[in-house]
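File shown: entry_23.cif. Contents: mmCIF, C-alpha atoms.
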data_input
#
loop_
_atom_site.label_atom_id
_atom_site.label_comp_id
_atom_site.auth_asym_id
_atom_site.auth_seq_id
_atom_site.Cartn_x
_atom_site.Cartn_y
_atom_site.Cartn_z
CA MET P 1 -16.06 -2.91 -28.56
CA GLU P 2 -14.17 -5.40 -30.71
CA TRP P 3 -12.95 -8.39 -28.73
CA SER P 4 -9.88 -8.50 -30.97
CA THR P 5 -8.73 -5.27 -29.29
CA VAL P 6 -9.07 -6.80 -25.83
CA ILE P 7 -7.23 -9.95 -26.95
CA VAL P 8 -4.37 -7.92 -28.44
CA LEU P 9 -4.05 -5.69 -25.36
CA CYS P 10 -4.05 -8.55 -22.86
CA SER P 11 -1.96 -11.00 -24.89
CA THR P 12 0.78 -8.48 -25.73
CA PHE P 13 0.88 -7.23 -22.12
CA PHE P 14 1.30 -10.72 -20.64
CA PHE P 15 3.68 -11.72 -23.44
CA PHE P 16 6.03 -8.85 -22.56
CA LEU P 17 5.78 -9.74 -18.86
CA PHE P 18 6.62 -13.36 -19.70
CA LEU P 19 9.72 -12.16 -21.54
CA GLY P 20 10.81 -10.28 -18.43
CA VAL P 21 10.20 -6.80 -19.81
CA PRO P 22 9.81 -4.26 -16.95
CA ILE P 23 6.14 -3.68 -16.26
CA SER P 24 6.22 0.02 -17.21
CA PHE P 25 7.51 -0.83 -20.70
CA ALA P 26 5.14 -3.81 -20.97
CA ILE P 27 2.20 -1.49 -20.30
CA GLY P 28 3.47 1.16 -22.73
CA LEU P 29 4.29 -1.24 -25.58
CA SER P 30 1.05 -3.21 -25.30
CA SER P 31 -0.91 0.07 -25.26
CA LEU P 32 0.95 1.32 -28.35
CA ILE P 33 0.29 -1.89 -30.26
CA THR P 34 -3.40 -1.79 -29.31
CA ILE P 35 -3.79 1.86 -30.37
CA MET P 36 -2.17 1.01 -33.71
CA LEU P 37 -5.15 -1.24 -34.50
CA SER P 38 -7.30 1.85 -34.98
CA ILE P 39 -4.88 4.61 -36.05
CA PRO P 40 -1.55 4.75 -37.97
CA PHE P 41 1.80 4.25 -36.21
CA ASP P 42 2.89 7.91 -36.23
CA ALA P 43 -0.45 9.04 -34.82
CA ALA P 44 -0.39 6.28 -32.21
CA ILE P 45 3.08 7.38 -31.04
CA THR P 46 1.80 10.97 -30.77
CA VAL P 47 -1.30 9.95 -28.81
CA ILE P 48 0.52 7.79 -26.27
CA SER P 49 3.23 10.45 -25.79
CA GLN P 50 0.60 13.12 -25.18
CA LYS P 51 -1.28 10.91 -22.73
CA MET P 52 1.92 10.12 -20.80
CA ALA P 53 2.83 13.81 -20.59
CA SER P 54 -0.66 15.00 -19.64
CA GLY P 55 -0.99 12.18 -17.10
CA LEU P 56 2.09 13.42 -15.26
CA ASP P 57 1.07 17.09 -15.48
CA SER P 58 -0.56 17.14 -12.06
CA PHE P 59 0.24 19.23 -8.99
CA SER P 60 -0.90 16.38 -6.72
CA LEU P 61 1.82 14.09 -8.10
CA LEU P 62 4.48 16.34 -6.57
CA ALA P 63 3.60 14.69 -3.27
CA ILE P 64 5.02 11.36 -4.46
CA PRO P 65 8.73 12.35 -4.76
CA PHE P 66 8.54 14.31 -1.50
CA PHE P 67 6.97 11.46 0.47
CA ILE P 68 9.44 8.99 -1.07
CA LEU P 69 12.35 11.21 -0.02
CA ALA P 70 10.91 11.65 3.47
CA GLY P 71 10.45 7.89 3.76
CA ASN P 72 14.03 7.19 2.67
CA ILE P 73 15.38 9.67 5.21
CA MET P 74 13.31 8.02 7.94
CA ASN P 75 14.47 4.56 6.84
CA ARG P 76 18.10 5.59 7.44
CA GLY P 77 17.33 7.61 10.56
CA GLY P 78 17.10 4.82 13.16
CA ILE P 79 13.33 5.16 13.33
CA ALA P 80 12.50 1.43 13.17
CA LEU P 81 14.32 0.51 16.38
CA ARG P 82 12.70 3.33 18.35
CA LEU P 83 9.24 2.37 17.11
CA ILE P 84 9.88 -1.29 18.01
CA GLU P 85 10.81 -0.28 21.54
CA PHE P 86 7.66 1.85 21.76
CA ALA P 87 5.58 -1.06 20.40
CA LYS P 88 6.95 -3.21 23.22
CA VAL P 89 5.45 -0.76 25.69
CA ILE P 90 2.03 -1.07 23.99
CA GLY P 91 1.85 -4.79 23.19
CA GLY P 92 4.59 -6.32 25.30
CA ARG P 93 2.23 -8.01 27.78
CA LEU P 94 0.12 -9.90 25.23
CA PRO P 95 0.58 -13.66 24.57
CA GLY P 96 3.24 -13.97 21.87
CA SER P 97 4.24 -10.42 22.66
CA LEU P 98 7.12 -10.13 20.19
CA ALA P 99 4.80 -11.05 17.31
CA HIS P 100 2.33 -8.38 18.43
CA VAL P 101 5.21 -5.91 18.65
CA ASN P 102 6.12 -6.79 15.05
CA VAL P 103 2.60 -5.90 13.90
CA LEU P 104 2.42 -2.64 15.87
CA ALA P 105 5.87 -1.57 14.71
CA ASN P 106 4.96 -2.31 11.07
CA MET P 107 1.77 -0.26 11.41
CA MET P 108 3.71 2.74 12.72
CA PHE P 109 6.84 2.44 10.59
CA GLY P 110 4.88 1.63 7.42
CA SER P 111 2.69 4.68 7.82
CA ILE P 112 5.77 6.89 8.26
CA SER P 113 7.89 5.36 5.48
CA GLY P 114 4.95 4.74 3.11
CA SER P 115 6.50 1.46 1.98
CA ALA P 116 5.50 -2.09 2.85
CA VAL P 117 8.83 -3.41 1.56
CA ALA P 118 10.85 -0.97 3.70
CA SER P 119 8.71 -1.85 6.70
CA ALA P 120 9.09 -5.60 6.17
CA ALA P 121 12.86 -5.20 5.84
CA ALA P 122 13.51 -2.74 8.67
CA VAL P 123 11.11 -4.13 11.29
CA GLY P 124 11.35 -7.78 10.23
CA GLY P 125 15.14 -7.64 10.11
CA THR P 126 15.20 -6.46 13.71
CA MET P 127 12.42 -8.70 15.06
CA ALA P 128 13.32 -12.03 13.38
CA PRO P 129 16.44 -12.79 15.48
CA LEU P 130 14.70 -11.66 18.68
CA GLN P 131 11.74 -13.96 18.04
CA LYS P 132 14.00 -16.87 17.11
CA LYS P 133 15.89 -16.43 20.38
CA GLU P 134 12.58 -16.58 22.30
CA GLY P 135 11.63 -19.87 20.62
CA TYR P 136 9.19 -18.62 17.98
CA ASP P 137 8.76 -20.72 14.83
CA PRO P 138 10.69 -18.79 12.11
CA ALA P 139 7.94 -19.51 9.56
CA PHE P 140 5.30 -18.07 11.90
CA SER P 141 7.44 -14.99 12.58
CA ALA P 142 7.95 -14.44 8.86
CA ALA P 143 4.20 -14.82 8.21
CA VAL P 144 3.42 -12.19 10.86
CA ASN P 145 5.94 -9.75 9.39
CA ILE P 146 4.79 -10.34 5.79
CA THR P 147 1.08 -9.84 6.42
CA SER P 148 1.47 -6.86 8.76
CA SER P 149 3.94 -4.89 6.61
CA PRO P 150 1.22 -3.56 4.20
CA THR P 151 -0.84 -2.03 7.04
CA GLY P 152 1.13 1.20 6.63
CA LEU P 153 -0.15 1.49 3.06
CA LEU P 154 -3.62 2.14 4.48
CA ILE P 155 -2.56 4.28 7.44
CA PRO P 156 -1.58 7.69 6.01
CA PRO P 157 0.36 9.36 4.59
CA SER P 158 0.23 6.93 1.66
CA ASN P 159 1.37 7.34 -1.95
CA THR P 160 -1.25 4.74 -2.90
CA PHE P 161 -4.05 7.20 -2.16
CA ILE P 162 -2.33 9.95 -4.14
CA VAL P 163 -2.18 7.70 -7.21
CA TYR P 164 -5.80 6.64 -6.74
CA SER P 165 -6.89 10.28 -6.42
CA LEU P 166 -5.28 11.06 -9.78
CA ILE P 167 -6.76 8.05 -11.58
CA SER P 168 -10.25 8.48 -10.12
CA GLY P 169 -10.53 12.07 -11.28
CA GLY P 170 -9.55 14.05 -8.18
CA THR P 171 -11.00 12.24 -5.18
CA SER P 172 -10.05 14.23 -2.05
CA ILE P 173 -6.62 13.12 -0.82
CA GLY P 174 -7.35 14.46 2.66
CA ALA P 175 -10.55 12.38 2.83
CA LEU P 176 -8.68 9.30 1.58
CA PHE P 177 -5.96 9.79 4.19
CA LEU P 178 -8.50 10.01 7.01
CA ALA P 179 -10.52 7.12 5.62
CA GLY P 180 -7.49 4.81 5.77
CA TYR P 181 -7.06 4.89 9.54
CA ILE P 182 -9.85 2.56 10.71
CA PRO P 183 -9.38 -0.04 7.91
CA GLY P 184 -5.60 0.03 8.47
CA ILE P 185 -6.00 -0.49 12.21
CA LEU P 186 -8.61 -3.19 11.53
CA MET P 187 -6.10 -4.93 9.27
CA GLY P 188 -3.49 -4.91 12.03
CA LEU P 189 -5.93 -6.03 14.74
CA SER P 190 -7.16 -8.95 12.63
CA ILE P 191 -3.57 -10.18 12.33
CA MET P 192 -3.06 -9.74 16.08
CA LEU P 193 -6.20 -11.83 16.71
CA VAL P 194 -4.63 -14.79 14.88
CA ILE P 195 -1.34 -14.22 16.69
CA GLY P 196 -3.09 -14.32 20.08
CA PHE P 197 -4.84 -17.61 19.24
CA ILE P 198 -1.67 -19.31 17.94
CA ALA P 199 0.55 -17.89 20.70
CA LYS P 200 -1.75 -19.22 23.42
CA LYS P 201 -1.89 -22.63 21.74
CA ARG P 202 1.92 -22.82 21.45
CA ASN P 203 2.67 -21.12 24.79
CA TYR P 204 4.82 -18.40 23.29
CA PRO P 205 6.38 -16.20 26.00
CA VAL P 206 5.17 -12.85 27.29
CA SER P 207 7.79 -10.10 27.50
CA PRO P 208 8.70 -8.78 30.97
CA LYS P 209 6.83 -5.66 31.97
CA PRO P 210 8.98 -2.54 31.50
CA THR P 211 9.50 -0.27 34.45
CA LYS P 212 7.70 3.05 34.50
CA SER P 213 10.89 4.95 33.71
CA GLU P 214 11.70 2.60 30.78
CA ALA P 215 8.19 2.99 29.38
CA ILE P 216 8.40 6.79 29.58
CA LYS P 217 11.84 6.87 27.94
CA LYS P 218 10.81 4.58 25.06
CA THR P 219 7.65 6.59 24.51
CA LEU P 220 9.54 9.90 24.46
CA ASP P 221 12.11 8.46 22.03
CA ALA P 222 9.36 7.47 19.58
CA LEU P 223 7.18 10.58 19.89
CA PRO P 224 9.19 12.78 17.49
CA SER P 225 8.85 10.13 14.77
CA LEU P 226 5.12 9.69 15.38
CA GLY P 227 4.81 13.46 15.46
CA LEU P 228 5.25 13.49 11.67
CA ILE P 229 1.86 11.79 11.23
CA VAL P 230 0.20 14.15 13.71
CA VAL P 231 1.63 17.26 12.06
CA ILE P 232 0.81 16.16 8.51
CA MET P 233 -2.74 14.99 9.22
CA GLY P 234 -3.41 17.88 11.57
CA GLY P 235 -2.27 20.35 8.92
CA ILE P 236 -4.42 18.75 6.22
CA VAL P 237 -7.53 18.48 8.42
CA LYS P 238 -7.17 22.09 9.66
CA GLY P 239 -6.63 23.32 6.11
CA ILE P 240 -3.17 24.70 6.90
CA PHE P 241 -1.68 22.98 3.86
CA THR P 242 -2.65 20.59 1.07
CA ALA P 243 -1.39 17.00 0.87
CA THR P 244 1.26 18.12 -1.65
CA GLU P 245 2.48 20.92 0.62
CA ALA P 246 2.41 18.47 3.54
CA SER P 247 4.76 16.14 1.64
CA ALA P 248 7.33 18.96 1.29
CA PHE P 249 6.96 19.76 4.97
CA ALA P 250 7.51 16.04 5.74
CA VAL P 251 10.95 16.24 4.05
CA VAL P 252 11.98 19.20 6.20
CA TYR P 253 10.66 17.51 9.35
CA THR P 254 12.44 14.20 8.67
CA LEU P 255 15.69 15.98 7.81
CA ILE P 256 15.69 17.84 11.13
CA LEU P 257 14.75 14.64 12.96
CA ALA P 258 17.31 12.32 11.34
CA VAL P 259 20.24 14.76 10.96
CA ILE P 260 19.94 17.02 14.01
CA PHE P 261 17.70 15.33 16.59
CA TYR P 262 18.57 11.61 16.27
CA ARG P 263 21.91 12.20 14.48
CA GLU P 264 21.56 8.91 12.60
CA VAL P 265 22.04 10.48 9.14
CA SER P 266 25.08 12.56 8.22
CA ILE P 267 25.23 15.34 5.64
CA LYS P 268 27.53 13.12 3.53
CA GLN P 269 24.78 10.46 3.26
CA LEU P 270 22.17 12.86 1.91
CA PRO P 271 23.29 12.82 -1.78
CA GLN P 272 22.92 9.02 -1.89
CA ILE P 273 19.53 9.18 -0.16
CA ILE P 274 18.37 11.81 -2.68
CA LEU P 275 19.69 9.73 -5.59
CA ASP P 276 17.86 6.63 -4.33
CA SER P 277 14.68 8.69 -4.02
CA VAL P 278 15.08 10.01 -7.57
CA VAL P 279 15.42 6.47 -8.92
CA THR P 280 12.33 5.26 -7.03
CA THR P 281 10.34 8.33 -8.09
CA SER P 282 11.32 7.82 -11.74
CA ILE P 283 10.09 4.22 -11.64
CA VAL P 284 6.74 5.22 -10.11
CA LEU P 285 6.14 8.18 -12.43
CA LEU P 286 7.08 6.20 -15.56
CA LEU P 287 4.58 3.58 -14.45
CA ILE P 288 1.89 6.24 -13.99
CA GLY P 289 2.64 7.78 -17.40
CA THR P 290 2.46 4.52 -19.36
CA SER P 291 -0.67 3.50 -17.43
CA MET P 292 -2.34 6.69 -18.62
CA GLY P 293 -1.62 5.52 -22.16
CA MET P 294 -3.19 2.14 -21.40
CA SER P 295 -6.23 3.84 -19.83
CA TRP P 296 -6.74 5.80 -23.06
CA ALA P 297 -6.34 2.64 -25.15
CA MET P 298 -8.96 0.86 -23.02
CA ALA P 299 -11.34 3.83 -23.12
CA ASN P 300 -10.90 4.15 -26.90
CA ALA P 301 -11.92 0.49 -27.23
CA ASP P 302 -14.86 0.94 -24.79
CA ILE P 303 -13.41 -1.79 -22.57
CA PRO P 304 -14.47 -0.27 -19.18
CA TYR P 305 -18.05 0.26 -20.37
CA THR P 306 -18.28 -3.24 -21.84
CA ILE P 307 -17.04 -4.77 -18.58
CA SER P 308 -19.49 -2.57 -16.67
CA ASP P 309 -22.40 -3.74 -18.83
CA ALA P 310 -21.28 -7.36 -18.48
CA LEU P 311 -21.12 -7.16 -14.69
CA LEU P 312 -24.49 -5.42 -14.45
CA THR P 313 -25.91 -8.12 -16.71
CA VAL P 314 -24.76 -10.78 -14.26
CA SER P 315 -26.57 -9.03 -11.42
CA GLU P 316 -27.85 -5.62 -10.42
CA ASN P 317 -27.39 -6.46 -6.74
CA PRO P 318 -24.57 -4.24 -5.37
CA ILE P 319 -23.48 -6.98 -2.95
CA VAL P 320 -22.96 -9.46 -5.78
CA ILE P 321 -21.15 -6.91 -7.96
CA LEU P 322 -18.80 -5.90 -5.13
CA LEU P 323 -18.08 -9.57 -4.36
CA ILE P 324 -17.14 -10.15 -8.00
CA ILE P 325 -14.92 -7.04 -8.05
CA ASN P 326 -13.21 -8.17 -4.83
CA ILE P 327 -12.57 -11.64 -6.24
CA ILE P 328 -11.12 -10.18 -9.44
CA LEU P 329 -8.86 -7.80 -7.50
CA LEU P 330 -7.69 -10.57 -5.16
CA VAL P 331 -6.73 -12.68 -8.19
CA VAL P 332 -5.08 -9.68 -9.89
CA GLY P 333 -3.10 -8.94 -6.71
CA VAL P 334 -1.62 -12.43 -6.83
CA PHE P 335 -0.02 -11.74 -10.22
CA MET P 336 0.51 -7.97 -10.26
CA ASP P 337 2.11 -5.46 -7.91
CA MET P 338 -0.05 -2.87 -6.19
CA THR P 339 0.65 0.32 -8.15
CA PRO P 340 0.21 -1.06 -11.70
CA ALA P 341 -2.92 -2.96 -10.60
CA LEU P 342 -4.33 0.25 -9.14
CA LEU P 343 -3.51 2.19 -12.29
CA ILE P 344 -4.99 -0.38 -14.66
CA PHE P 345 -8.12 -1.51 -12.82
CA THR P 346 -9.34 1.74 -11.23
CA PRO P 347 -10.53 3.12 -14.62
CA ILE P 348 -12.31 -0.20 -15.28
CA PHE P 349 -14.17 -0.59 -11.99
CA PHE P 350 -14.65 3.06 -10.99
CA PRO P 351 -17.58 3.70 -13.41
CA ILE P 352 -19.26 0.51 -12.18
CA VAL P 353 -19.14 1.35 -8.47
CA THR P 354 -20.17 4.97 -9.01
CA GLU P 355 -23.19 3.72 -10.96
CA LEU P 356 -24.01 1.54 -7.95
CA GLY P 357 -23.82 4.65 -5.74
CA MET P 358 -20.58 3.72 -3.96
CA ASP P 359 -18.58 6.63 -2.54
CA PRO P 360 -15.24 7.19 -4.40
CA VAL P 361 -13.37 7.42 -1.07
CA HIS P 362 -14.86 4.13 0.12
CA PHE P 363 -13.90 2.45 -3.17
CA GLY P 364 -10.34 3.79 -2.88
CA ILE P 365 -9.98 2.14 0.53
CA LEU P 366 -11.43 -1.10 -0.87
CA MET P 367 -8.90 -1.06 -3.72
CA ALA P 368 -5.96 -0.34 -1.41
CA PHE P 369 -6.99 -2.98 1.16
CA ASN P 370 -7.58 -5.59 -1.52
CA LEU P 371 -4.30 -5.05 -3.34
CA SER P 372 -2.40 -4.87 -0.04
CA ILE P 373 -3.30 -8.52 0.46
CA GLY P 374 -1.85 -9.24 -2.98
CA ILE P 375 1.65 -8.08 -2.09
CA CYS P 376 1.73 -10.78 0.62
CA THR P 377 0.92 -13.60 -1.80
CA PRO P 378 3.04 -15.68 -4.18
CA PRO P 379 4.24 -15.60 -6.91
CA VAL P 380 5.04 -11.86 -7.16
CA GLY P 381 4.30 -10.48 -3.68
CA SER P 382 7.11 -8.03 -2.88
CA ALA P 383 6.44 -8.16 0.88
CA LEU P 384 6.52 -11.97 0.71
CA PHE P 385 10.00 -12.05 -0.83
CA ILE P 386 11.46 -9.45 1.53
CA GLY P 387 9.81 -11.04 4.58
CA CYS P 388 11.23 -14.46 3.73
CA SER P 389 14.64 -12.96 3.00
CA VAL P 390 15.01 -11.10 6.32
CA GLY P 391 13.44 -14.04 8.17
CA GLY P 392 15.95 -16.46 6.65
CA ILE P 393 13.26 -18.90 5.48
CA LYS P 394 12.21 -20.34 2.11
CA ILE P 395 8.92 -19.28 0.56
CA ASP P 396 7.48 -22.82 0.46
CA LYS P 397 7.93 -23.10 4.24
CA VAL P 398 5.93 -19.96 4.99
CA ILE P 399 2.85 -20.62 2.81
CA LYS P 400 1.03 -22.83 5.34
CA PRO P 401 1.58 -20.41 8.29
CA LEU P 402 0.27 -17.59 6.07
CA LEU P 403 -3.13 -19.25 5.43
CA PRO P 404 -4.90 -18.23 8.69
CA PHE P 405 -3.66 -14.67 8.22
CA TYR P 406 -5.01 -14.60 4.66
CA ALA P 407 -8.37 -15.81 6.00
CA VAL P 408 -8.76 -13.03 8.58
CA LEU P 409 -7.55 -10.40 6.11
CA VAL P 410 -10.27 -11.45 3.64
CA ILE P 411 -12.86 -11.28 6.44
CA ALA P 412 -11.62 -7.79 7.34
CA LEU P 413 -11.81 -6.86 3.63
CA MET P 414 -15.45 -7.95 3.53
CA LEU P 415 -16.19 -5.75 6.57
CA VAL P 416 -14.54 -2.76 4.89
CA THR P 417 -16.45 -3.49 1.67
CA PHE P 418 -19.92 -3.82 3.13
CA VAL P 419 -19.69 -1.43 6.10
CA PRO P 420 -18.95 1.94 4.45
CA GLU P 421 -18.84 3.80 7.77
CA LEU P 422 -15.55 2.07 8.61
CA SER P 423 -14.03 4.16 5.82
CA LEU P 424 -16.23 7.24 5.81
CA ALA P 425 -16.74 7.99 9.52
CA LEU P 426 -13.51 9.98 10.01
CA PRO P 427 -13.74 12.04 6.77
CA ARG P 428 -17.33 12.96 7.67
CA PHE P 429 -16.42 13.87 11.23
CA PHE P 430 -13.30 15.95 10.52
CA LEU P 431 -13.98 17.28 7.01
CA GLY P 432 -17.78 17.19 6.81
CA TYR P 433 -17.27 14.98 3.75
#
Mind converting the file's structure to structure tokens?
Amino acid sequence: MEWSTVIVLCSTFFFFLFLGVPISFAIGLSSLITIMLSIPFDAAITVISQKMASGLDSFSLLAIPFFILAGNIMNRGGIALRLIEFAKVIGGRLPGSLAHVNVLANMMFGSISGSAVASAAAVGGTMAPLQKKEGYDPAFSAAVNITSSPTGLLIPPSNTFIVYSLISGGTSIGALFLAGYIPGILMGLSIMLVIGFIAKKRNYPVSPKPTKSEAIKKTLDALPSLGLIVVIMGGIVKGIFTATEASAFAVVYTLILAVIFYREVSIKQLPQIILDSVVTTSIVLLLIGTSMGMSWAMANADIPYTISDALLTVSENPIVILLIINIILLVVGVFMDMTPALLIFTPIFFPIVTELGMDPVHFGILMAFNLSIGICTPPVGSALFIGCSVGGIKIDKVIKPLLPFYAVLVIALMLVTFVPELSLALPRFFLGY
């Protein structure tokens, strides 16, 4: 590998980002310029076009537009409020109950919508005024909402795992979906642990206990929404349909739920919902296509293998190597959004961890957990910006309240990293993985 190739790739990529070029085009242009170092311009254009086209020629990727559409329908279908009311039944008697409700609602809504940003906006927008009325510190409330919104990215169904499956060479999506449950719940519980400690210290109120009839009603209202997860995962585990087929079924299910059952979405709203989904899908798929071009440019320059050799030179101890990878990913997550980071760094680190004997499913969970923390951090954390916006608080005011949550999330990440069974127990039990 020539270091000049690495310098050109990295410098042009960050230069385009500095100029404000959208990240998809920054990846594509920097890859094109790097490829041109070894082959002529016309051949480089042909190569990157072919890699973009072949990268998107995957049946598994059909799940992304379907899950995005299903998530957008659910976002407009009054799901968030029903899940919040159900979360009150579960966590309403804990110290600082409204903060616990925020976490539980984000875990449920995020898993259904598949978006941390949508979860932070929908749940946080509802919970922020309620918590303020009860005397909660707005910065604390915003910190809770920000750090709990990515939990749904680990709890399936999750587009993150579909992208990882493609990049890693076909890791089982069903196994990844099942593997995300325990780490996702662990992520939420770690946040609730901090909430309980702070709430007790500040004497935050406990919500009144709902009557039996209220609890039953709120549970029944939320069950149809939660049923989507049960149907999808049950179908995948039982082999009734693949993850891609499940995504199409999710669209039908959410349509019936939002249009007929809840009646929160009208037929007239559907064209706009579909258009919004098309725009989001286009952004994601363009990002995947250009990242395939960058992956080829890096492989052509032997960058992944050089980094692998360098890391193994530092130490052959798997614990040390995984610590280094975690540190790199945590730093990357601070400056880069989740999907591009996943697309760029999976091809680099995947050969290293497989050489160490790490299971591909376990590594996928590690990547997702690690980069989920990144979307809560400044300067580019999408969940951070949305959480502060709906909470009506400036970013500089929420940094200090976020620190204890960052600490427990990193501890939870270490547990997921070094205790493989947290990720692999469910796939082994249900799929014999």
**OP:** Could you tell me which residues the PyMOL selection byres ((chain P and resi 377) around 12) returns for this structure, as a PyMOL selection string?
**Re:** chain P and resi 143+146-147+150+330-338+370-376+378-388+395-396+398-400+402-403+405-406
Original post:
Expanded to explicit residues, what is the PyMOL selection byres ((chain P and resi 198-212) around 10) for this file, as a count of residues only?
Top reply: 31
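What the PyMOL selection byres ((chain P and resi 320-324) around 10) picks from this file is Ser308, Leu311, Leu312, Val314, Ser315, Glu316, Asn317, Pro318, Ile319, Ile325, Asn326, Ile327, Ile328, Leu329, Leu330, Phe349, Ile352, Val353, Leu356, Met358, Phe363, Leu366, Met414, Thr417 and Phe418 of chain P.
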Sorted by chain and rising residue number, which residues of region 80-198 of chain P lie within 12 Å of region 268-284 of chain P, and what are their closest atom pairs and distances in Å to one decimal, counting only C-alpha atoms, as a tab-separated table?
residue	atom	partner	partner_atom	distance
P:Ser115	CA	P:Thr280	CA	11.4
P:Asn159	CA	P:Val284	CA	10.0
P:Thr160	CA	P:Val284	CA	10.8
P:Ile162	CA	P:Val284	CA	11.8
P:Val163	CA	P:Val284	CA	9.7
Original post:
At what distance in Å, to one decimal, does CA of Pro427 (chain P) lie from CA of Pro157 (chain P)?
Top reply: 14.5 Å
Subject >> Among listed residues P:Ile260, P:Val123, P:Leu153, P:Ile64, nearest Ala246 (chain P) (using only C-alpha atoms) >> reply: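 Using only C-alpha atoms, Ala246 (chain P) sits closest to P:Ile64.
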**OP:** For CA of Thr242 (chain P) and CA of Ile288 (chain P), quote the distance in Å rounded to one decimal.
**Re:**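 Between CA of Thr242 (chain P) and CA of Ile288 (chain P) the gap works out to 21.3 Å.
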Original post:
Which is closer to Ala26 (chain P) than all the others in P:Gly293, P:Pro360, P:Gly78, P:Gly234, using only C-alpha atoms?
Top reply: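 The closest residue to Ala26 (chain P) is P:Gly293.
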Original post:
Can you tell me how far CA of Asn102 (chain P) sits from CA of Ile191 (chain P), in Å to one decimal?
Top reply: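 Those two atoms sit 10.6 Å apart.
The smallest atom-to-atom distance between Leu422 (chain P) and any of P:Met52, P:Leu19, P:Leu186, P:Val231, using all atoms listed in the file, is found for P:Leu186.
With distances taken over all atoms listed in the file, P:Ala368 is the one residue among P:Thr151, P:Ser119, P:Glu355, P:Ala368 lying closest to Leu342 (chain P).
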Subject >> Shell of 12 Å around Leu226 (chain P), all atoms listed in the file, local chain residues under 3 positions omitted, as a VMD selection string >> reply: chain P and resid 74 79 to 80 82 to 83 86 to 87 105 107 to 113 156 to 157 219 to 223 229 to 233 250 253 to 254 257
Original post:
Neighbours of Phe59 (chain P) within 12 Å (all atoms listed in the file; same-chain residues fewer than 2 positions away dropped), as a ChimeraX atom specification?
Top reply: /P:54-57,61-65,162-163,165-166,170,242-245,247
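Taking all atoms listed in the file into account, Gly71 (chain P) lies nearest to P:Leu228 out of the set P:Leu17, P:Ala175, P:Leu228, P:Ile27.
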**OP:** For Ala258 (chain P), please output as a PyMOL selection string all residues within 7 Å (counting all atoms listed in the file; exclusion window: fewer than 5 positions along the same chain).
**Re:** chain P and resi 73-74+77+263-265
**OP:** Tell me which protein, DNA and RNA residues are within 12 Å of region 42-47 of chain P, counting all atoms listed in the file, leaving out same-chain ones fewer than 5 positions away, and put them as number ranges by chain.
**Re:** P: 28-37, 52-55, 290, 292-297, 300
Subject >> P:Phe261, P:Tyr164, P:Trp3, P:Phe41 ranked by distance to Ile344 (chain P), top pick (using only C-alpha atoms) >> reply: P:Tyr164
